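One file, coords-v7.cif, is given below (mmCIF, C-alpha atoms).
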data_final
#
loop_
_atom_site.label_atom_id
_atom_site.label_comp_id
_atom_site.auth_asym_id
_atom_site.auth_seq_id
_atom_site.Cartn_x
_atom_site.Cartn_y
_atom_site.Cartn_z
CA MET D 855 20.52 -10.29 -13.12
CA GLN D 856 17.21 -11.68 -11.88
CA PRO D 857 16.36 -10.68 -8.26
CA ILE D 858 14.99 -14.17 -7.51
CA GLN D 859 16.42 -17.42 -8.82
CA ILE D 860 14.15 -20.48 -8.97
CA SER D 861 16.79 -22.42 -7.05
CA GLU D 862 16.42 -19.98 -4.12
CA ILE D 863 12.67 -20.44 -3.69
CA PRO D 864 11.81 -22.45 -0.53
CA ILE D 865 10.71 -26.03 -1.06
CA GLU D 866 7.39 -25.33 0.69
CA ILE D 867 6.46 -22.83 -2.02
CA LYS D 868 7.72 -25.01 -4.86
CA GLN D 869 5.63 -27.91 -3.59
CA TYR D 870 2.55 -25.71 -3.36
CA VAL D 871 2.74 -24.36 -6.93
CA GLU D 872 3.98 -27.75 -8.24
CA SER D 873 5.58 -26.33 -11.38
CA ILE D 874 7.07 -22.97 -12.33
CA ASN D 875 7.03 -22.14 -16.03
CA SER D 876 8.57 -18.68 -15.71
CA ILE D 877 9.19 -15.71 -13.42
CA LYS D 878 8.76 -12.13 -14.58
CA PHE D 879 10.00 -9.16 -12.63
CA PRO D 880 7.97 -5.94 -12.43
CA ARG D 881 9.45 -2.65 -11.27
CA GLN D 882 11.24 -3.47 -8.01
CA GLY D 883 10.82 -1.68 -4.72
CA TYR D 884 13.53 -1.03 -2.15
CA THR D 885 12.19 -3.28 0.56
CA SER D 886 11.55 -6.55 -1.27
CA ASP D 887 12.27 -8.58 -4.38
CA VAL D 888 9.07 -9.20 -6.35
CA GLY D 889 8.44 -11.79 -9.04
CA ILE D 890 5.35 -12.86 -10.98
CA ILE D 891 5.32 -16.66 -11.09
CA GLU D 892 3.56 -18.40 -13.97
CA THR D 893 2.54 -22.02 -13.40
CA GLU D 894 0.45 -24.41 -15.45
CA GLN D 895 -2.67 -23.32 -13.59
CA LYS D 896 -2.36 -19.67 -12.60
CA LEU D 897 -0.20 -16.68 -11.72
CA TYR D 898 1.17 -15.75 -8.30
CA VAL D 899 3.09 -12.84 -6.81
CA LEU D 900 6.21 -13.90 -4.92
CA LYS D 901 7.82 -11.49 -2.46
CA ARG D 902 11.19 -12.05 -0.80
CA THR D 903 12.65 -9.80 1.89
CA LYS D 904 16.10 -9.85 3.48
CA GLU D 905 17.31 -8.56 6.85
CA GLU D 906 15.33 -8.30 10.05
CA LEU D 907 13.66 -4.92 9.41
CA PHE D 908 12.34 -5.72 5.93
CA CYS D 909 11.30 -9.22 6.99
CA SER D 910 9.29 -7.72 9.82
CA TRP D 911 7.53 -5.47 7.29
CA LEU D 912 6.60 -8.44 5.10
CA ASN D 913 5.42 -10.34 8.17
CA ARG D 914 3.25 -7.35 9.02
CA GLU D 915 1.76 -7.19 5.50
CA VAL D 916 0.97 -10.92 5.56
CA SER D 917 -0.78 -10.54 8.93
CA VAL D 918 -2.85 -7.60 7.66
CA LEU D 919 -3.85 -9.41 4.46
CA ASN D 920 -4.83 -12.54 6.36
CA CYS D 921 -6.89 -10.51 8.80
CA LEU D 922 -8.67 -8.51 6.09
CA SER D 923 -9.26 -11.60 3.95
CA ASN D 924 -11.01 -13.30 6.86
CA GLU D 925 -13.06 -10.36 8.10
CA THR D 926 -13.81 -8.07 5.13
CA THR D 927 -14.96 -8.17 1.50
CA LEU D 928 -12.37 -5.68 0.25
CA PRO D 929 -10.77 -6.48 -3.14
CA ILE D 930 -7.39 -7.57 -1.83
CA PRO D 931 -5.08 -10.48 -2.69
CA LYS D 932 -4.96 -13.55 -0.46
CA VAL D 933 -1.72 -14.91 0.99
CA VAL D 934 -1.42 -18.57 0.02
CA LYS D 935 1.99 -19.36 1.57
CA PHE D 936 4.35 -17.62 3.97
CA VAL D 937 7.81 -18.96 4.78
CA GLU D 938 10.34 -17.54 7.22
CA GLN D 939 13.96 -18.62 6.80
CA GLU D 940 15.53 -17.36 10.01
CA CYS D 941 18.85 -19.02 9.27
CA LYS D 942 19.13 -16.92 6.09
CA SER D 943 17.40 -13.83 7.48
CA GLN D 944 14.85 -14.09 4.68
CA SER D 945 11.06 -14.22 4.42
CA TRP D 946 8.92 -15.29 1.47
CA ALA D 947 5.25 -14.65 0.73
CA LEU D 948 3.34 -16.30 -2.10
CA ILE D 949 0.34 -14.10 -2.83
CA GLU D 950 -2.66 -14.37 -5.12
CA PHE D 951 -2.15 -12.49 -8.40
CA LEU D 952 -4.84 -9.90 -9.13
CA GLU D 953 -5.53 -9.04 -12.75
CA GLY D 954 -5.12 -5.45 -13.81
CA GLN D 955 -2.64 -2.63 -14.20
CA THR D 956 -1.84 0.15 -11.78
CA LEU D 957 -4.03 3.22 -11.79
CA ARG D 958 -0.92 5.20 -12.75
CA ALA D 959 -0.52 3.12 -15.92
CA ALA D 960 -4.24 3.19 -16.70
CA ILE D 961 -4.36 6.99 -16.40
CA GLN D 962 -1.30 7.42 -18.61
CA GLN D 963 -2.85 5.25 -21.32
CA GLU D 964 -6.37 6.68 -21.20
CA ASN D 965 -7.04 9.25 -23.93
CA ASN D 966 -10.77 9.56 -23.28
CA GLU D 967 -11.22 12.34 -20.72
CA LYS D 968 -14.59 11.03 -19.52
CA LYS D 969 -13.14 7.58 -18.83
CA ARG D 970 -10.10 9.15 -17.20
CA GLN D 971 -12.35 11.10 -14.82
CA GLU D 972 -14.33 7.94 -14.10
CA LEU D 973 -11.10 6.24 -12.99
CA ILE D 974 -10.38 9.12 -10.61
CA PHE D 975 -13.95 8.97 -9.27
CA ASN D 976 -13.60 5.23 -8.64
CA PHE D 977 -10.23 5.82 -6.97
CA GLY D 978 -11.99 7.99 -4.40
CA LYS D 979 -14.89 5.56 -4.13
CA ILE D 980 -12.72 2.54 -3.29
CA LEU D 981 -10.91 4.55 -0.61
CA ASN D 982 -14.25 5.42 0.97
CA GLN D 983 -15.09 1.72 0.89
CA ILE D 984 -11.88 0.97 2.80
CA HIS D 985 -12.56 3.69 5.38
CA SER D 986 -16.17 2.53 5.79
CA THR D 987 -15.15 -1.07 6.46
CA PRO D 988 -15.18 -1.96 10.16
CA CYS D 989 -11.58 -2.31 11.30
CA PRO D 990 -10.73 -5.82 12.56
CA ASN D 991 -9.80 -5.85 16.24
CA MET D 992 -6.38 -7.27 15.44
CA LEU D 993 -5.45 -4.03 13.67
CA VAL D 994 -6.52 -1.77 16.54
CA HIS D 995 -3.63 -0.81 18.84
CA GLU D 996 -3.51 0.82 22.26
CA ARG D 997 -1.25 3.69 21.23
CA PRO D 998 -2.98 6.34 19.05
CA TRP D 999 -2.01 6.06 15.37
CA LEU D 1000 -0.36 9.48 15.05
CA GLU D 1001 1.63 8.97 18.24
CA GLU D 1002 2.90 5.65 16.87
CA MET D 1003 3.74 7.23 13.49
CA LEU D 1004 5.73 10.02 15.12
CA PHE D 1005 7.62 7.49 17.23
CA GLN D 1006 8.42 5.50 14.07
CA ALA D 1007 9.36 8.71 12.24
CA GLU D 1008 11.97 9.49 14.89
CA TYR D 1009 13.34 5.95 14.67
CA ASN D 1010 13.53 6.16 10.86
CA LEU D 1011 15.33 9.50 11.07
CA LYS D 1012 17.92 8.18 13.52
CA SER D 1013 18.37 5.07 11.36
CA ASN D 1014 18.97 7.18 8.22
CA GLN D 1015 15.86 5.72 6.61
CA ALA D 1016 14.04 9.02 6.11
CA SER D 1017 14.43 12.12 3.95
CA GLY D 1018 12.96 14.38 6.64
CA THR D 1019 15.06 16.51 8.98
CA GLU D 1020 15.25 16.96 12.75
CA GLU D 1021 13.71 20.42 12.35
CA LEU D 1022 10.75 19.02 10.38
CA LEU D 1023 10.24 16.25 12.91
CA GLU D 1024 10.07 18.74 15.78
CA LYS D 1025 7.63 20.85 13.78
CA ILE D 1026 5.18 18.00 13.11
CA LYS D 1027 5.41 16.87 16.73
CA ILE D 1028 4.23 20.30 17.86
CA ASP D 1029 1.93 21.33 15.02
CA LYS D 1030 -0.33 18.27 15.00
CA PRO D 1031 -3.74 18.48 13.33
CA ASN D 1032 -6.94 18.33 15.33
CA GLY D 1033 -8.19 14.88 16.19
CA TYR D 1034 -10.35 12.97 13.71
CA LYS D 1035 -12.41 9.82 13.88
CA GLN D 1036 -10.12 6.83 13.26
CA THR D 1037 -10.98 4.16 10.69
CA LEU D 1038 -9.39 1.27 8.88
CA ILE D 1039 -6.72 2.81 6.66
CA HIS D 1040 -4.43 1.47 3.95
CA GLY D 1041 -1.37 3.46 5.00
CA ASP D 1042 0.12 3.92 1.53
CA PHE D 1043 -2.88 4.63 -0.69
CA THR D 1044 -1.29 5.74 -3.95
CA ILE D 1045 -2.00 5.33 -7.68
CA ASP D 1046 0.63 2.56 -7.74
CA ASN D 1047 -1.21 0.43 -5.18
CA VAL D 1048 -4.63 0.39 -6.84
CA LEU D 1049 -5.24 -1.93 -9.80
CA VAL D 1050 -7.59 -1.33 -12.72
CA GLN D 1051 -9.08 -3.79 -15.20
CA ASN D 1052 -11.52 -2.86 -17.96
CA GLY D 1053 -12.02 0.58 -16.48
CA THR D 1054 -12.95 -0.60 -12.98
CA ILE D 1055 -10.96 -1.05 -9.76
CA SER D 1056 -9.87 -4.69 -9.58
CA GLY D 1057 -7.81 -4.65 -6.42
CA VAL D 1058 -5.82 -2.79 -3.77
CA ILE D 1059 -2.34 -4.11 -2.97
CA ASP D 1060 0.64 -3.48 -0.64
CA TRP D 1061 -1.12 -3.46 2.73
CA GLY D 1062 1.93 -3.29 4.98
CA GLY D 1063 0.64 -0.05 6.52
CA GLY D 1064 -2.92 -1.27 7.00
CA THR D 1065 -4.16 -0.36 10.49
CA TYR D 1066 -6.64 1.64 12.55
CA GLY D 1067 -5.64 5.22 11.89
CA ASP D 1068 -6.36 8.67 10.50
CA PRO D 1069 -8.19 8.48 7.14
CA ARG D 1070 -6.90 11.95 6.24
CA TYR D 1071 -3.46 10.41 5.78
CA ASP D 1072 -4.75 8.07 3.06
CA VAL D 1073 -6.65 10.88 1.36
CA SER D 1074 -3.62 13.17 1.41
CA LEU D 1075 -1.32 10.59 -0.15
CA ALA D 1076 -3.97 9.73 -2.72
CA ILE D 1077 -4.20 13.22 -4.20
CA ARG D 1078 -0.52 14.08 -4.43
CA PRO D 1079 0.12 15.54 -7.92
CA LYS D 1080 1.55 13.06 -10.42
CA PRO D 1081 1.99 13.27 -14.22
CA ASN D 1082 -1.48 13.59 -15.78
CA ILE D 1083 -3.37 13.24 -12.49
CA PHE D 1084 -4.13 15.60 -9.60
CA GLU D 1085 -2.23 18.41 -11.27
CA ASN D 1086 -5.39 20.52 -11.18
CA GLU D 1087 -8.29 21.14 -8.82
CA ILE D 1088 -10.82 19.42 -11.10
CA ASP D 1089 -9.17 16.02 -10.55
CA LYS D 1090 -9.26 16.54 -6.80
CA GLN D 1091 -12.90 17.59 -6.95
CA ILE D 1092 -13.80 14.42 -8.89
CA PHE D 1093 -11.85 12.29 -6.39
CA PHE D 1094 -13.78 13.77 -3.46
CA GLU D 1095 -17.07 13.27 -5.31
CA GLY D 1096 -16.16 9.59 -5.51
CA TYR D 1097 -15.07 9.55 -1.87
CA GLY D 1098 -18.30 11.20 -0.81
CA GLU D 1099 -16.91 14.20 1.08
CA LYS D 1100 -13.83 16.36 1.45
CA ILE D 1101 -12.21 15.53 4.78
CA ILE D 1102 -8.97 17.54 4.57
CA ASP D 1103 -7.99 21.17 4.16
CA ASN D 1104 -4.73 22.53 2.75
CA LYS D 1105 -3.06 22.69 6.16
CA GLU D 1106 -3.84 19.05 6.94
CA TYR D 1107 -2.71 17.97 3.46
CA ASP D 1108 0.61 19.78 3.99
CA TYR D 1109 1.07 18.17 7.42
CA PHE D 1110 0.66 14.64 6.12
CA VAL D 1111 2.33 14.90 2.70
CA ASN D 1112 5.10 17.43 3.26
CA GLY D 1113 5.56 16.58 6.92
CA LEU D 1114 4.83 13.10 8.22
CA TYR D 1115 5.29 11.27 4.91
CA GLU D 1116 8.85 12.61 4.63
CA PHE D 1117 9.84 10.03 7.26
CA PHE D 1118 8.33 7.01 5.51
#
Write-out of the structure in structure tokens:
Amino acid sequence: MQPIQISEIPIEIKQYVESINSIKFPRQGYTSDVGIIETEQKLYVLKRTKEELFCSWLNREVSVLNCLSNETTLPIPKVVKFVEQECKSQSWALIEFLEGQTLRAAIQQENNEKKRQELIFNFGKILNQIHSTPCPNMLVHERPWLEEMLFQAEYNLKSNQASGTEELLEKIKIDKPNGYKQTLIHGDFTIDNVLVQNGTISGVIDWGGGTYGDPRYDVSLAIRPKPNIFENEIDKQIFFEGYGEKIIDNKEYDYFVNGLYEFF
């Protein structure tokens, strides 16, 4: 069964694209239905969320993308249409389609070790570009980032939306890392959210967690071991060469990946 039927798509989006030749469905996430719309002219990504919580997340991502599109030169997709259907508890976002495949797919298909290492280097380089970009004022909040994340972690735990435990939550509340200069961060910087075309980074997607926060969180999530990448220290060394410096130690990595991330 297709997650999105053409008949369900809001009229505002249908009028914008004018004609829909087909919809393809990539691997689906848990928070939204995603389709790739093909029209006579171009391709678009269509996201649909249901229920108040997930709709608020999509609303957040749209706001972040709009803000970054207006104030930065980062390689991100533009939102071309956003529709909220409050009567149906649904939200829809029509987003520019960026060419390329995920870094995960590119790494799995690359047999040339030199080119594979170049991809890892560029993965670190694009993250440094994000962290070096001045954070738009709209994304800067009064409450410190980690304090907000711990508050959200507790909410997610009580709402049964987290795999972490009460014991782990208490531990990360007490055993917080030393402070670090805050920057613009992606919030979910993984090999699935970076696109590659012809061996170069073509885009960074899924910006729902974009904010002013701790760059060590992005770095920690980036270097989590996955099949054929970051399973050895050489890959991590190449990543940090691309990033420009190593900003985390093993204790900080463990705090963010095996602690905080367990609640998101």
Which residues of stretch 965-1020 of chain D come within 6 Å of stretch 1104-1118 of chain D, and for each one, what is the closest pair of atoms and their distance in Å to one decimal, counting all atoms listed in the file, sorted by chain and residue number, as a Markdown table?
| residue | atom | partner | partner_atom | distance |
| --- | --- | --- | --- | --- |
| D:Ala1007 | CA | D:Phe1117 | CA | 5.2 |
| D:Ala1016 | CA | D:Phe1117 | CA | 4.5 |
| D:Ser1017 | CA | D:Glu1116 | CA | 5.6 |
| D:Gly1018 | CA | D:Glu1116 | CA | 4.9 |
(message) I'd like the interatomic distance between atom CA of D:Asn920 and atom CA of D:Val871, to a tenth of an Å.
(response)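 Distance reported for this atom pair: 19.3 Å.
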(message) Evaluated on this file, the PyMOL selection byres ((chain D and resi 857) around 8) picks out some residues - which ones are they, written as number ranges by chain?
(response) D: 855-856, 858-859, 879, 887-888
(request) Enumerate, as JSON, numbers by chain, the residues matched when the PyMOL selection byres ((chain D and resi 974-980) around 6) is run on the file above. (result) {"D": [971, 972, 973, 981, 982, 983, 1092, 1093, 1096, 1097]}
Closest pair table for stretch 1005-1100 of chain D residues within 12 Å of stretch 949-968 of chain D, all atoms listed in the file, as JSON lines:
{"residue": "D:Phe1043", "atom": "CA", "partner": "D:Leu957", "partner_atom": "CA", "distance": 11.2}
{"residue": "D:Thr1044", "atom": "CA", "partner": "D:Leu957", "partner_atom": "CA", "distance": 8.7}
{"residue": "D:Ile1045", "atom": "CA", "partner": "D:Leu957", "partner_atom": "CA", "distance": 5.0}
{"residue": "D:Asp1046", "atom": "CA", "partner": "D:Thr956", "partner_atom": "CA", "distance": 5.3}
{"residue": "D:Asn1047", "atom": "CA", "partner": "D:Thr956", "partner_atom": "CA", "distance": 6.6}
{"residue": "D:Val1048", "atom": "CA", "partner": "D:Thr956", "partner_atom": "CA", "distance": 5.7}
{"residue": "D:Leu1049", "atom": "CA", "partner": "D:Thr956", "partner_atom": "CA", "distance": 4.5}
{"residue": "D:Val1050", "atom": "CA", "partner": "D:Gly954", "partner_atom": "CA", "distance": 4.9}
{"residue": "D:Gln1051", "atom": "CA", "partner": "D:Gly954", "partner_atom": "CA", "distance": 4.5}
{"residue": "D:Asn1052", "atom": "CA", "partner": "D:Gly954", "partner_atom": "CA", "distance": 8.1}
{"residue": "D:Gly1053", "atom": "CA", "partner": "D:Ala960", "partner_atom": "CA", "distance": 8.2}
{"residue": "D:Thr1054", "atom": "CA", "partner": "D:Gly954", "partner_atom": "CA", "distance": 9.2}
{"residue": "D:Ile1055", "atom": "CA", "partner": "D:Gly954", "partner_atom": "CA", "distance": 8.4}
{"residue": "D:Ser1056", "atom": "CA", "partner": "D:Gly954", "partner_atom": "CA", "distance": 6.4}
{"residue": "D:Gly1057", "atom": "CA", "partner": "D:Leu952", "partner_atom": "CA", "distance": 6.6}
{"residue": "D:Val1058", "atom": "CA", "partner": "D:Leu952", "partner_atom": "CA", "distance": 9.0}
{"residue": "D:Ile1059", "atom": "CA", "partner": "D:Leu952", "partner_atom": "CA", "distance": 8.8}
{"residue": "D:Asp1060", "atom": "CA", "partner": "D:Ile949", "partner_atom": "CA", "distance": 10.8}
{"residue": "D:Ala1076", "atom": "CA", "partner": "D:Leu957", "partner_atom": "CA", "distance": 11.2}
{"residue": "D:Pro1079", "atom": "CA", "partner": "D:Arg958", "partner_atom": "CA", "distance": 11.5}
{"residue": "D:Lys1080", "atom": "CA", "partner": "D:Arg958", "partner_atom": "CA", "distance": 8.6}
{"residue": "D:Pro1081", "atom": "CA", "partner": "D:Gln962", "partner_atom": "CA", "distance": 8.0}
{"residue": "D:Asn1082", "atom": "CA", "partner": "D:Gln962", "partner_atom": "CA", "distance": 6.8}
{"residue": "D:Ile1083", "atom": "CA", "partner": "D:Ile961", "partner_atom": "CA", "distance": 7.4}
{"residue": "D:Phe1084", "atom": "CA", "partner": "D:Ile961", "partner_atom": "CA", "distance": 11.0}
{"residue": "D:Ile1088", "atom": "CA", "partner": "D:Glu967", "partner_atom": "CA", "distance": 12.0}
{"residue": "D:Asp1089", "atom": "CA", "partner": "D:Glu967", "partner_atom": "CA", "distance": 11.0}
{"residue": "D:Ile1092", "atom": "CA", "partner": "D:Lys968", "partner_atom": "CA", "distance": 11.2}
(request) Find the residues near D:Glu872: any atom within 12 Å, counting all atoms listed in the file, skip ones fewer than 2 places away on the same chain, and give them as a list in words. (result)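 The filter keeps Ile865, Glu866, Ile867, Lys868, Gln869, Tyr870, Ile874, Asn875, Ile891, Glu892, Thr893, Glu894, Gln895 and Lys896 of chain D.
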(request) Enter the distance from atom CA of D:Lys935 to atom CA of D:Leu897, in Å, rounded to one decimal. (result) 13.7 Å
(message) List as a PyMOL selection string the protein and nucleic acid residues near D:His985, meaning an atom at most 7 Å away when only C-alpha atoms are counted, but skip any in the same chain fewer than 5 places from it.
(response) chain D and resi 1037-1039+1069
